[in-house]
Structure formats: C-alpha cells, structure tokens
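A short write-up of the structure that comes next.
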Amino acid sequence: MSRGAYLVDLGLVPYREAWDLQRSLAGAVSQGAIPDTIVFLEHTPVVTLGRRTDSGEVHVPEGAEVEVVETDRGGKSTFHGPGQLVCYPILDLRRHGKDVKKYVRDLEEALIRTVAPLGLEAIRLEELTGVWLERPPRKIASIGVHISRWVTTHGYALNVELDPTPFTEWITACGLEDASFTTIARELDRQVTVDEVRPLARQAFAEVVELEFEPLPVDGGHGLWSQPIHAQLSAR
C-alpha cells in the first residue's frame, strides 16, 4: 500500500539554501508534522565534500565560478550544476523498515528505472556507489545520504545535460581516480532537459518507495517558503 508524501518541485537553487530547506523539512518529518517529502531541483555550480573526502581530491582551479561546501552526507566529493537533476528524499525510515542498505538500494533502483524509458540500461557496480552504464563503465548518477534518528537527507544527482569536465578536472569525484562520467544527453546524442526527466524520476521514485505524491505549492524566487517552514507546513 502506498503512503502519502509531499512532492516539492523547485528550479535552480543555491546549495546552502537547499541544505537549509532539507534540515527544516527533516525536523518537521521527524516530529510527525508533515509526511515524507521528496524535493527535486537543480543547483548552481557547487563542489560538495562528503565526510570521507580526502584533501587531495579537491583541485578546483583558481577563478572557477563554483562554491565548495563541506557537508554531513556520506561519501566523498562530487559536483552539482545546472543540467543535473537532484533528488532529496526526506523520509522517516521508521515507516520504511529501518533498513539503511535497502534505502540506498532503493535510490539506485529508482535511478535505474528513471533512465530505462529513455533506452538506457543502468546498473550497479560491486563496491562502487551510484549508478553506472557499462562497457566501458561510466557513471551517470551519484548517491550520498545522511540519516539522523532514522530521517534521511541528501540523496542522488542524475547527470542529464551538463559538462562532466568538473568531475575529473576540479575534483577526484567520488574518490575514483580513473572514473569516466557521462550524461543522458551524451548517451542519447541529443538535447535532453531536466524537465523532460523529472516526470520519469518522480514516477520511478514513487513506485520503488511506494509513495503517492501530493504536490506542495511553492512561492516565488527559488521556490523556498517566505516564512519558517515548520509553521507553514505543520499548519496544513
């Protein structure tokens, strides 16, 4: 049986603003003020450093127009930018079996199902995070999560149509020295927009995690709420 969940569809949002939003949502979900909430968005250019990032992984060139942000998610370094669909599920895993490994597998499965209707066969690779295309192996999506009191933050980033150069020239992405990174557009050899992929991502996530989405209206600007989110959402 599917559970009800809020769906928040945003546009281009700076990383720190989205992180603040996640923490506010996580607090409300943890308190039972709102149901599970899934956020889809894009980020302005940012390199994020997970808890296992080594200092030698980051070599952003001087003058590059990109933020560098240390986060509390697992994993190593990665890049986010326009043309990449980011999904932040704020889930209370007490409602989903209290199984962290299953949750990460569900994120992988949702990504695999997202790209399948586009004709791409994505896979998991043993002992490597994220989702890949193979022969030769090339990474198309990254995963990094944080879980506190069974409530999840962070999530996945799917490369739709962006220059993958920062993954190899600005950082040693995911700590992988020789990894190849790709995008949906590159694999299909055509223009693909994030808005084209969003409905596929929404449907895939809802199917895998067994959720029924209720779109949550957002206001102008970056789509973030103008008043404290706890007060506004808990009043719904």
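Please note that chains go A, B, ... in the order of the structure tokens, that every chain numbers its residues from 1, and that ligands are numbered from 1 in the order shown.
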| said: as a count of residues only, please: every residue in segment 4-235 of chain A that DSSP puts in strand (DSSP E or B). | reply: 74
| task | DSSP on the backbone, then: every residue of segment 170-219 of chain A marked helix (DSSP H, G or I), written as a ChimeraX atom specification. | result | /A:173-175,184-188,194-209
Taking a cut-off of 12 Å and counting only C-alpha atoms, can you build a table that, for each residue of segment 147-197 of chain A near segment 201-219 of chain A, reports the nearest atom pair and how far apart they are in Å (one decimal), sorted by chain then residue number, as a tab-separated table?
```
residue	atom	partner	partner_atom	distance
A:Gly155	CA	A:Phe205	CA	11.7
A:Tyr156	CA	A:Ala201	CA	10.9
A:Ala157	CA	A:Ala201	CA	11.0
A:Leu158	CA	A:Ala201	CA	9.5
A:Val160	CA	A:Ala201	CA	11.5
A:Val194	CA	A:Ala201	CA	10.0
A:Asp195	CA	A:Ala201	CA	10.1
A:Glu196	CA	A:Ala201	CA	9.6
A:Val197	CA	A:Ala201	CA	6.2
```
Next, the residues of the selection above should be written as a PDB file, in the first residue's frame with N, CA, C and O atoms.
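File selection-v5.pdb, as written:
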```
ATOM      1  N   GLY A 155      20.759  12.759  -1.017  1.00  0.00           N
ATOM      2  CA  GLY A 155      20.088  11.817  -1.907  1.00  0.00           C
ATOM      3  C   GLY A 155      20.899  11.491  -3.132  1.00  0.00           C
ATOM      4  O   GLY A 155      22.021  11.026  -3.038  1.00  0.00           O
ATOM      5  N   TYR A 156      20.319  11.785  -4.332  1.00  0.00           N
ATOM      6  CA  TYR A 156      21.042  11.443  -5.560  1.00  0.00           C
ATOM      7  C   TYR A 156      21.116  12.627  -6.506  1.00  0.00           C
ATOM      8  O   TYR A 156      20.350  13.589  -6.392  1.00  0.00           O
ATOM      9  N   ALA A 157      22.049  12.525  -7.459  1.00  0.00           N
ATOM     10  CA  ALA A 157      22.206  13.529  -8.514  1.00  0.00           C
ATOM     11  C   ALA A 157      22.377  12.796  -9.833  1.00  0.00           C
ATOM     12  O   ALA A 157      23.308  11.994  -9.988  1.00  0.00           O
ATOM     13  N   LEU A 158      21.484  13.048 -10.764  1.00  0.00           N
ATOM     14  CA  LEU A 158      21.469  12.383 -12.065  1.00  0.00           C
ATOM     15  C   LEU A 158      21.934  13.365 -13.133  1.00  0.00           C
ATOM     16  O   LEU A 158      21.342  14.435 -13.311  1.00  0.00           O
ATOM     17  N   VAL A 160      21.959  14.890 -16.415  1.00  0.00           N
ATOM     18  CA  VAL A 160      21.047  14.941 -17.557  1.00  0.00           C
ATOM     19  C   VAL A 160      21.753  15.563 -18.754  1.00  0.00           C
ATOM     20  O   VAL A 160      21.985  14.907 -19.772  1.00  0.00           O
ATOM     21  N   VAL A 194      16.261  18.776 -18.086  1.00  0.00           N
ATOM     22  CA  VAL A 194      15.897  18.266 -16.767  1.00  0.00           C
ATOM     23  C   VAL A 194      14.385  18.113 -16.660  1.00  0.00           C
ATOM     24  O   VAL A 194      13.881  17.138 -16.077  1.00  0.00           O
ATOM     25  N   ASP A 195      13.628  19.051 -17.253  1.00  0.00           N
ATOM     26  CA  ASP A 195      12.171  18.970 -17.178  1.00  0.00           C
ATOM     27  C   ASP A 195      11.625  17.746 -17.901  1.00  0.00           C
ATOM     28  O   ASP A 195      10.548  17.247 -17.550  1.00  0.00           O
ATOM     29  N   GLU A 196      12.348  17.257 -18.913  1.00  0.00           N
ATOM     30  CA  GLU A 196      11.937  16.031 -19.588  1.00  0.00           C
ATOM     31  C   GLU A 196      12.104  14.821 -18.684  1.00  0.00           C
ATOM     32  O   GLU A 196      11.323  13.863 -18.737  1.00  0.00           O
ATOM     33  N   VAL A 197      13.113  14.865 -17.832  1.00  0.00           N
ATOM     34  CA  VAL A 197      13.448  13.711 -16.993  1.00  0.00           C
ATOM     35  C   VAL A 197      12.668  13.722 -15.680  1.00  0.00           C
ATOM     36  O   VAL A 197      12.404  12.662 -15.096  1.00  0.00           O
TER      37      VAL A 197
END
```
Residues near Val8 of chain A, cut-off 12 Å, only C-alpha atoms, skip fewer than 4 positions along chain, as an mmCIF file with all heavy atoms, in the first residue's frame:
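Wrote it out as out03.cif, contents follow:
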```cif
data_model
loop_
_atom_site.group_PDB
_atom_site.id
_atom_site.type_symbol
_atom_site.label_atom_id
_atom_site.label_comp_id
_atom_site.auth_asym_id
_atom_site.auth_seq_id
_atom_site.Cartn_x
_atom_site.Cartn_y
_atom_site.Cartn_z
ATOM 1 N N ALA A 18 19.288 25.087 -0.284
ATOM 2 C CA ALA A 18 18.618 23.793 -0.343
ATOM 3 C C ALA A 18 18.950 22.943 0.880
ATOM 4 O O ALA A 18 18.102 22.185 1.364
ATOM 5 C CB ALA A 18 19.031 23.062 -1.620
ATOM 6 N N LEU A 21 16.805 24.087 3.634
ATOM 7 C CA LEU A 21 15.456 23.567 3.410
ATOM 8 C C LEU A 21 15.359 22.111 3.845
ATOM 9 O O LEU A 21 14.406 21.709 4.521
ATOM 10 C CB LEU A 21 15.080 23.708 1.940
ATOM 11 C CG LEU A 21 13.740 23.079 1.528
ATOM 12 C CD1 LEU A 21 12.587 23.744 2.269
ATOM 13 C CD2 LEU A 21 13.549 23.170 0.021
ATOM 14 N N GLN A 22 16.354 21.313 3.486
ATOM 15 C CA GLN A 22 16.349 19.905 3.893
ATOM 16 C C GLN A 22 16.283 19.754 5.404
ATOM 17 O O GLN A 22 15.526 18.938 5.937
ATOM 18 C CB GLN A 22 17.605 19.200 3.388
ATOM 19 C CG GLN A 22 17.677 18.965 1.904
ATOM 20 C CD GLN A 22 18.926 18.174 1.584
ATOM 21 O OE1 GLN A 22 19.031 16.985 1.879
ATOM 22 N NE2 GLN A 22 19.907 18.835 0.983
ATOM 23 N N LEU A 25 12.823 20.618 6.666
ATOM 24 C CA LEU A 25 11.900 19.534 6.347
ATOM 25 C C LEU A 25 12.158 18.313 7.221
ATOM 26 O O LEU A 25 11.218 17.669 7.707
ATOM 27 C CB LEU A 25 12.020 19.156 4.869
ATOM 28 C CG LEU A 25 11.463 20.158 3.860
ATOM 29 C CD1 LEU A 25 11.898 19.785 2.451
ATOM 30 C CD2 LEU A 25 9.949 20.237 3.946
ATOM 31 N N ASP A 36 6.485 12.130 4.743
ATOM 32 C CA ASP A 36 7.694 12.080 3.924
ATOM 33 C C ASP A 36 7.584 13.121 2.806
ATOM 34 O O ASP A 36 6.502 13.341 2.255
ATOM 35 C CB ASP A 36 7.858 10.695 3.287
ATOM 36 C CG ASP A 36 8.105 9.590 4.314
ATOM 37 O OD1 ASP A 36 8.621 9.889 5.404
ATOM 38 O OD2 ASP A 36 7.783 8.434 4.007
ATOM 39 N N THR A 37 8.710 13.745 2.473
ATOM 40 C CA THR A 37 8.712 14.830 1.482
ATOM 41 C C THR A 37 9.888 14.647 0.540
ATOM 42 O O THR A 37 11.018 14.461 0.988
ATOM 43 C CB THR A 37 8.802 16.201 2.183
ATOM 44 O OG1 THR A 37 7.686 16.345 3.066
ATOM 45 C CG2 THR A 37 8.794 17.329 1.175
ATOM 46 N N ILE A 38 9.623 14.695 -0.751
ATOM 47 C CA ILE A 38 10.651 14.499 -1.762
ATOM 48 C C ILE A 38 10.848 15.805 -2.512
ATOM 49 O O ILE A 38 9.891 16.397 -3.010
ATOM 50 C CB ILE A 38 10.262 13.387 -2.775
ATOM 51 C CG1 ILE A 38 9.666 12.182 -2.057
ATOM 52 C CG2 ILE A 38 11.453 13.008 -3.631
ATOM 53 C CD1 ILE A 38 10.559 11.566 -1.003
ATOM 54 N N VAL A 39 12.095 16.250 -2.604
ATOM 55 C CA VAL A 39 12.433 17.513 -3.257
ATOM 56 C C VAL A 39 13.238 17.221 -4.519
ATOM 57 O O VAL A 39 14.240 16.495 -4.468
ATOM 58 C CB VAL A 39 13.257 18.418 -2.321
ATOM 59 C CG1 VAL A 39 13.575 19.741 -3.008
ATOM 60 C CG2 VAL A 39 12.516 18.650 -1.005
ATOM 61 N N PHE A 40 12.811 17.779 -5.635
ATOM 62 C CA PHE A 40 13.572 17.723 -6.883
ATOM 63 C C PHE A 40 14.002 19.144 -7.243
ATOM 64 O O PHE A 40 13.185 20.076 -7.169
ATOM 65 C CB PHE A 40 12.742 17.141 -8.023
ATOM 66 C CG PHE A 40 12.532 15.652 -7.951
ATOM 67 C CD1 PHE A 40 11.345 15.125 -7.474
ATOM 68 C CD2 PHE A 40 13.529 14.776 -8.359
ATOM 69 C CE1 PHE A 40 11.141 13.756 -7.401
ATOM 70 C CE2 PHE A 40 13.346 13.406 -8.291
ATOM 71 C CZ PHE A 40 12.147 12.889 -7.812
ATOM 72 N N LEU A 41 15.258 19.299 -7.669
ATOM 73 C CA LEU A 41 15.762 20.631 -8.008
ATOM 74 C C LEU A 41 17.039 20.515 -8.818
ATOM 75 O O LEU A 41 17.546 19.418 -9.077
ATOM 76 C CB LEU A 41 16.011 21.443 -6.724
ATOM 77 C CG LEU A 41 16.851 20.825 -5.591
ATOM 78 C CD1 LEU A 41 18.328 20.812 -5.914
ATOM 79 C CD2 LEU A 41 16.632 21.596 -4.293
ATOM 80 N N VAL A 86 18.662 16.761 -9.200
ATOM 81 C CA VAL A 86 18.998 16.354 -7.839
ATOM 82 C C VAL A 86 17.707 15.992 -7.113
ATOM 83 O O VAL A 86 16.704 16.706 -7.208
ATOM 84 C CB VAL A 86 19.732 17.484 -7.095
ATOM 85 C CG1 VAL A 86 20.017 17.088 -5.648
ATOM 86 C CG2 VAL A 86 21.040 17.815 -7.820
ATOM 87 N N CYS A 87 17.745 14.880 -6.389
ATOM 88 C CA CYS A 87 16.601 14.418 -5.613
ATOM 89 C C CYS A 87 16.997 14.321 -4.149
ATOM 90 O O CYS A 87 17.965 13.626 -3.814
ATOM 91 C CB CYS A 87 16.132 13.058 -6.118
ATOM 92 S SG CYS A 87 14.802 12.318 -5.141
ATOM 93 N N TYR A 88 16.263 15.029 -3.287
ATOM 94 C CA TYR A 88 16.495 14.977 -1.847
ATOM 95 C C TYR A 88 15.256 14.367 -1.174
ATOM 96 O O TYR A 88 14.275 15.061 -0.912
ATOM 97 C CB TYR A 88 16.747 16.373 -1.284
ATOM 98 C CG TYR A 88 18.059 16.982 -1.699
ATOM 99 C CD1 TYR A 88 18.132 18.319 -2.080
ATOM 100 C CD2 TYR A 88 19.243 16.225 -1.708
ATOM 101 C CE1 TYR A 88 19.350 18.892 -2.450
ATOM 102 C CE2 TYR A 88 20.450 16.797 -2.084
ATOM 103 C CZ TYR A 88 20.496 18.120 -2.453
ATOM 104 O OH TYR A 88 21.698 18.684 -2.820
ATOM 105 N N PRO A 89 15.272 13.075 -0.894
ATOM 106 C CA PRO A 89 14.161 12.463 -0.164
ATOM 107 C C PRO A 89 14.322 12.712 1.337
ATOM 108 O O PRO A 89 15.363 12.403 1.915
ATOM 109 C CB PRO A 89 14.298 10.969 -0.478
ATOM 110 C CG PRO A 89 15.344 10.865 -1.558
ATOM 111 C CD PRO A 89 16.214 12.071 -1.390
ATOM 112 N N ILE A 90 13.309 13.266 1.946
ATOM 113 C CA ILE A 90 13.280 13.448 3.396
ATOM 114 C C ILE A 90 12.284 12.412 3.915
ATOM 115 O O ILE A 90 11.076 12.651 3.975
ATOM 116 C CB ILE A 90 12.863 14.878 3.795
ATOM 117 C CG1 ILE A 90 13.577 15.928 2.921
ATOM 118 C CG2 ILE A 90 13.127 15.107 5.269
ATOM 119 C CD1 ILE A 90 15.090 15.918 3.026
ATOM 120 N N ARG A 198 12.260 14.893 -15.209
ATOM 121 C CA ARG A 198 11.573 14.983 -13.912
ATOM 122 C C ARG A 198 10.393 14.016 -13.766
ATOM 123 O O ARG A 198 10.280 13.314 -12.748
ATOM 124 C CB ARG A 198 11.068 16.402 -13.682
ATOM 125 C CG ARG A 198 12.085 17.386 -13.137
ATOM 126 C CD ARG A 198 11.434 18.757 -13.006
ATOM 127 N NE ARG A 198 12.397 19.803 -12.743
ATOM 128 C CZ ARG A 198 12.664 20.291 -11.533
ATOM 129 N NH1 ARG A 198 12.034 19.799 -10.479
ATOM 130 N NH2 ARG A 198 13.546 21.246 -11.374
ATOM 131 N N ARG A 202 10.092 11.198 -10.889
ATOM 132 C CA ARG A 202 9.007 11.186 -9.902
ATOM 133 C C ARG A 202 8.309 9.831 -9.887
ATOM 134 O O ARG A 202 8.061 9.251 -8.828
ATOM 135 C CB ARG A 202 7.996 12.297 -10.208
ATOM 136 C CG ARG A 202 8.501 13.701 -9.944
ATOM 137 C CD ARG A 202 7.348 14.696 -9.924
ATOM 138 N NE ARG A 202 6.680 14.803 -11.210
ATOM 139 C CZ ARG A 202 6.872 15.796 -12.086
ATOM 140 N NH1 ARG A 202 7.748 16.752 -11.824
ATOM 141 N NH2 ARG A 202 6.202 15.838 -13.215
ATOM 142 N N PHE A 213 2.301 10.807 -4.339
ATOM 143 C CA PHE A 213 2.710 12.188 -4.152
ATOM 144 C C PHE A 213 1.532 13.157 -4.149
ATOM 145 O O PHE A 213 0.612 13.045 -4.961
ATOM 146 C CB PHE A 213 3.681 12.614 -5.258
ATOM 147 C CG PHE A 213 5.051 12.010 -5.134
ATOM 148 C CD1 PHE A 213 5.740 11.595 -6.268
ATOM 149 C CD2 PHE A 213 5.662 11.874 -3.898
ATOM 150 C CE1 PHE A 213 7.012 11.052 -6.165
ATOM 151 C CE2 PHE A 213 6.930 11.333 -3.786
ATOM 152 C CZ PHE A 213 7.605 10.919 -4.917
ATOM 153 N N GLU A 214 1.629 14.137 -3.255
ATOM 154 C CA GLU A 214 0.783 15.329 -3.289
ATOM 155 C C GLU A 214 1.698 16.516 -3.543
ATOM 156 O O GLU A 214 2.530 16.853 -2.691
ATOM 157 C CB GLU A 214 0.057 15.535 -1.963
ATOM 158 C CG GLU A 214 -0.759 16.826 -1.942
ATOM 159 C CD GLU A 214 -1.308 17.144 -0.574
ATOM 160 O OE1 GLU A 214 -1.327 16.262 0.300
ATOM 161 O OE2 GLU A 214 -1.715 18.316 -0.372
ATOM 162 N N PRO A 215 1.603 17.150 -4.723
ATOM 163 C CA PRO A 215 2.468 18.308 -4.998
ATOM 164 C C PRO A 215 2.231 19.410 -3.973
ATOM 165 O O PRO A 215 1.093 19.746 -3.653
ATOM 166 C CB PRO A 215 2.053 18.742 -6.405
ATOM 167 C CG PRO A 215 1.436 17.518 -7.012
ATOM 168 C CD PRO A 215 0.756 16.804 -5.877
ATOM 169 N N LEU A 216 3.317 19.961 -3.454
ATOM 170 C CA LEU A 216 3.236 21.014 -2.444
ATOM 171 C C LEU A 216 3.508 22.349 -3.127
ATOM 172 O O LEU A 216 4.585 22.541 -3.698
ATOM 173 C CB LEU A 216 4.256 20.760 -1.341
ATOM 174 C CG LEU A 216 4.102 21.569 -0.062
ATOM 175 C CD1 LEU A 216 2.796 21.212 0.640
ATOM 176 C CD2 LEU A 216 5.277 21.285 0.875
ATOM 177 N N PRO A 217 2.563 23.287 -3.114
ATOM 178 C CA PRO A 217 2.794 24.581 -3.783
ATOM 179 C C PRO A 217 3.984 25.306 -3.172
ATOM 180 O O PRO A 217 4.221 25.244 -1.965
ATOM 181 C CB PRO A 217 1.492 25.343 -3.528
ATOM 182 C CG PRO A 217 0.485 24.303 -3.192
ATOM 183 C CD PRO A 217 1.239 23.206 -2.499
ATOM 184 N N VAL A 218 4.720 25.984 -4.027
ATOM 185 C CA VAL A 218 5.857 26.784 -3.573
ATOM 186 C C VAL A 218 5.693 28.194 -4.105
ATOM 187 O O VAL A 218 5.030 28.431 -5.111
ATOM 188 C CB VAL A 218 7.193 26.175 -4.031
ATOM 189 C CG1 VAL A 218 7.425 24.838 -3.364
ATOM 190 C CG2 VAL A 218 7.255 26.025 -5.536
ATOM 191 N N ASP A 219 6.326 29.139 -3.410
ATOM 192 C CA ASP A 219 6.224 30.537 -3.783
ATOM 193 C C ASP A 219 7.400 30.941 -4.644
ATOM 194 O O ASP A 219 8.287 30.153 -4.918
ATOM 195 C CB ASP A 219 6.132 31.407 -2.525
ATOM 196 C CG ASP A 219 4.897 31.054 -1.698
ATOM 197 O OD1 ASP A 219 3.872 30.703 -2.314
ATOM 198 O OD2 ASP A 219 4.976 31.099 -0.464
ATOM 199 N N HIS A 222 13.410 31.266 -5.470
ATOM 200 C CA HIS A 222 13.897 29.912 -5.693
ATOM 201 C C HIS A 222 12.854 28.872 -5.336
ATOM 202 O O HIS A 222 13.132 27.686 -5.342
ATOM 203 C CB HIS A 222 15.159 29.661 -4.852
ATOM 204 C CG HIS A 222 16.328 30.477 -5.287
ATOM 205 N ND1 HIS A 222 16.847 30.401 -6.553
ATOM 206 C CD2 HIS A 222 17.074 31.392 -4.634
ATOM 207 C CE1 HIS A 222 17.869 31.228 -6.652
ATOM 208 N NE2 HIS A 222 18.015 31.841 -5.507
ATOM 209 N N GLY A 223 11.661 29.298 -4.998
ATOM 210 C CA GLY A 223 10.626 28.361 -4.621
ATOM 211 C C GLY A 223 10.654 28.022 -3.152
ATOM 212 O O GLY A 223 9.923 27.156 -2.706
ATOM 213 N N LEU A 224 11.477 28.688 -2.355
ATOM 214 C CA LEU A 224 11.522 28.415 -0.934
ATOM 215 C C LEU A 224 10.479 29.267 -0.220
ATOM 216 O O LEU A 224 10.082 30.318 -0.691
ATOM 217 C CB LEU A 224 12.919 28.695 -0.374
ATOM 218 C CG LEU A 224 14.055 27.979 -1.111
ATOM 219 C CD1 LEU A 224 15.360 28.184 -0.365
ATOM 220 C CD2 LEU A 224 13.766 26.494 -1.258
ATOM 221 N N TRP A 225 10.047 28.778 0.923
ATOM 222 C CA TRP A 225 8.957 29.436 1.620
ATOM 223 C C TRP A 225 9.427 30.719 2.295
ATOM 224 O O TRP A 225 10.525 30.790 2.833
ATOM 225 C CB TRP A 225 8.360 28.475 2.640
ATOM 226 C CG TRP A 225 7.614 27.378 1.961
ATOM 227 C CD1 TRP A 225 6.289 27.341 1.660
ATOM 228 C CD2 TRP A 225 8.160 26.153 1.481
ATOM 229 N NE1 TRP A 225 5.967 26.173 1.025
ATOM 230 C CE2 TRP A 225 7.105 25.418 0.894
ATOM 231 C CE3 TRP A 225 9.446 25.591 1.475
ATOM 232 C CZ2 TRP A 225 7.277 24.168 0.328
ATOM 233 C CZ3 TRP A 225 9.619 24.346 0.901
ATOM 234 C CH2 TRP A 225 8.549 23.657 0.332
#
```
| field | Residue with smallest distance to Val60 of chain A - pool A:Gly144, A:Gly11, A:Pro45, A:Pro136, counting only C-alpha atoms | value | A:Pro45
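Using only C-alpha atoms, the shortest contact distance between Glu70 of chain A and any of A:Leu49, A:Val151, A:Leu200, A:Leu107 is found at A:Leu49.
Across A:Glu67, A:Glu62, A:Glu187, A:Glu169, the tightest approach to Glu121 of chain A is made by A:Glu187 when counting only C-alpha atoms.
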| note | Counting only C-alpha atoms, the residue among A:Thr129, A:Asn159, A:Ser30, A:Thr168 that lies closest to Pro82 of chain A is A:Asn159
| Which value, in Å to one decimal, gives the distance between atom CA of Thr78 of chain A and atom CA of Ser142 of chain A? |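 Those two atoms sit 7.8 Å apart.
When only C-alpha atoms are used to compute distances to His59 of chain A, the closest of the residues A:Ser148, A:Tyr103, A:Ile171, A:Arg190 turns out to be A:Ile171.
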| task | Report the distance between atom CA of Gly83 of chain A and atom CA of Leu162 of chain A in Å, rounded to one decimal place. | result | 5.0 Å
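What separates atom CA of Val46 of chain A from atom CA of Leu10 of chain A is a distance of 17.0 Å.
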| Counting only C-alpha atoms, which of A:Ser77, A:Val115, A:Leu7, A:Arg16 gets nearest to Gly56 of chain A? |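 Smallest distance to Gly56 of chain A is found for A:Ser77.
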Show me, as a CSV table (one decimal) with C-alpha atoms, in the first residue's frame, the residues that have an atom within 10 Å of Asp92 of chain A when counting only C-alpha atoms, minus same-chain residues fewer than 3 positions from it.
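Printed below is part_31.csv as written:
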```
chain,number,residue,atom,x,y,z
A,26,ALA,CA,13.8,16.8,8.3
A,29,VAL,CA,9.2,15.0,9.3
A,30,SER,CA,10.9,13.8,12.4
A,31,GLN,CA,8.3,15.5,14.6
A,32,GLY,CA,5.4,14.0,12.5
A,35,PRO,CA,4.7,13.2,5.9
A,36,ASP,CA,7.7,12.1,3.9
A,37,THR,CA,8.7,14.8,1.5
A,89,PRO,CA,14.2,12.5,-0.2
A,95,ARG,CA,8.0,4.0,8.1
A,96,HIS,CA,10.1,2.0,5.6
A,97,GLY,CA,11.6,-0.8,7.6
A,98,LYS,CA,14.6,0.9,9.3
A,147,ILE,CA,20.5,9.7,8.3
A,148,SER,CA,19.8,11.1,11.7
A,149,ARG,CA,17.2,9.5,14.0
A,150,TRP,CA,16.0,7.5,11.0
A,151,VAL,CA,15.2,10.6,8.9
A,152,THR,CA,17.1,10.9,5.6
A,153,THR,CA,18.6,13.9,4.0
```
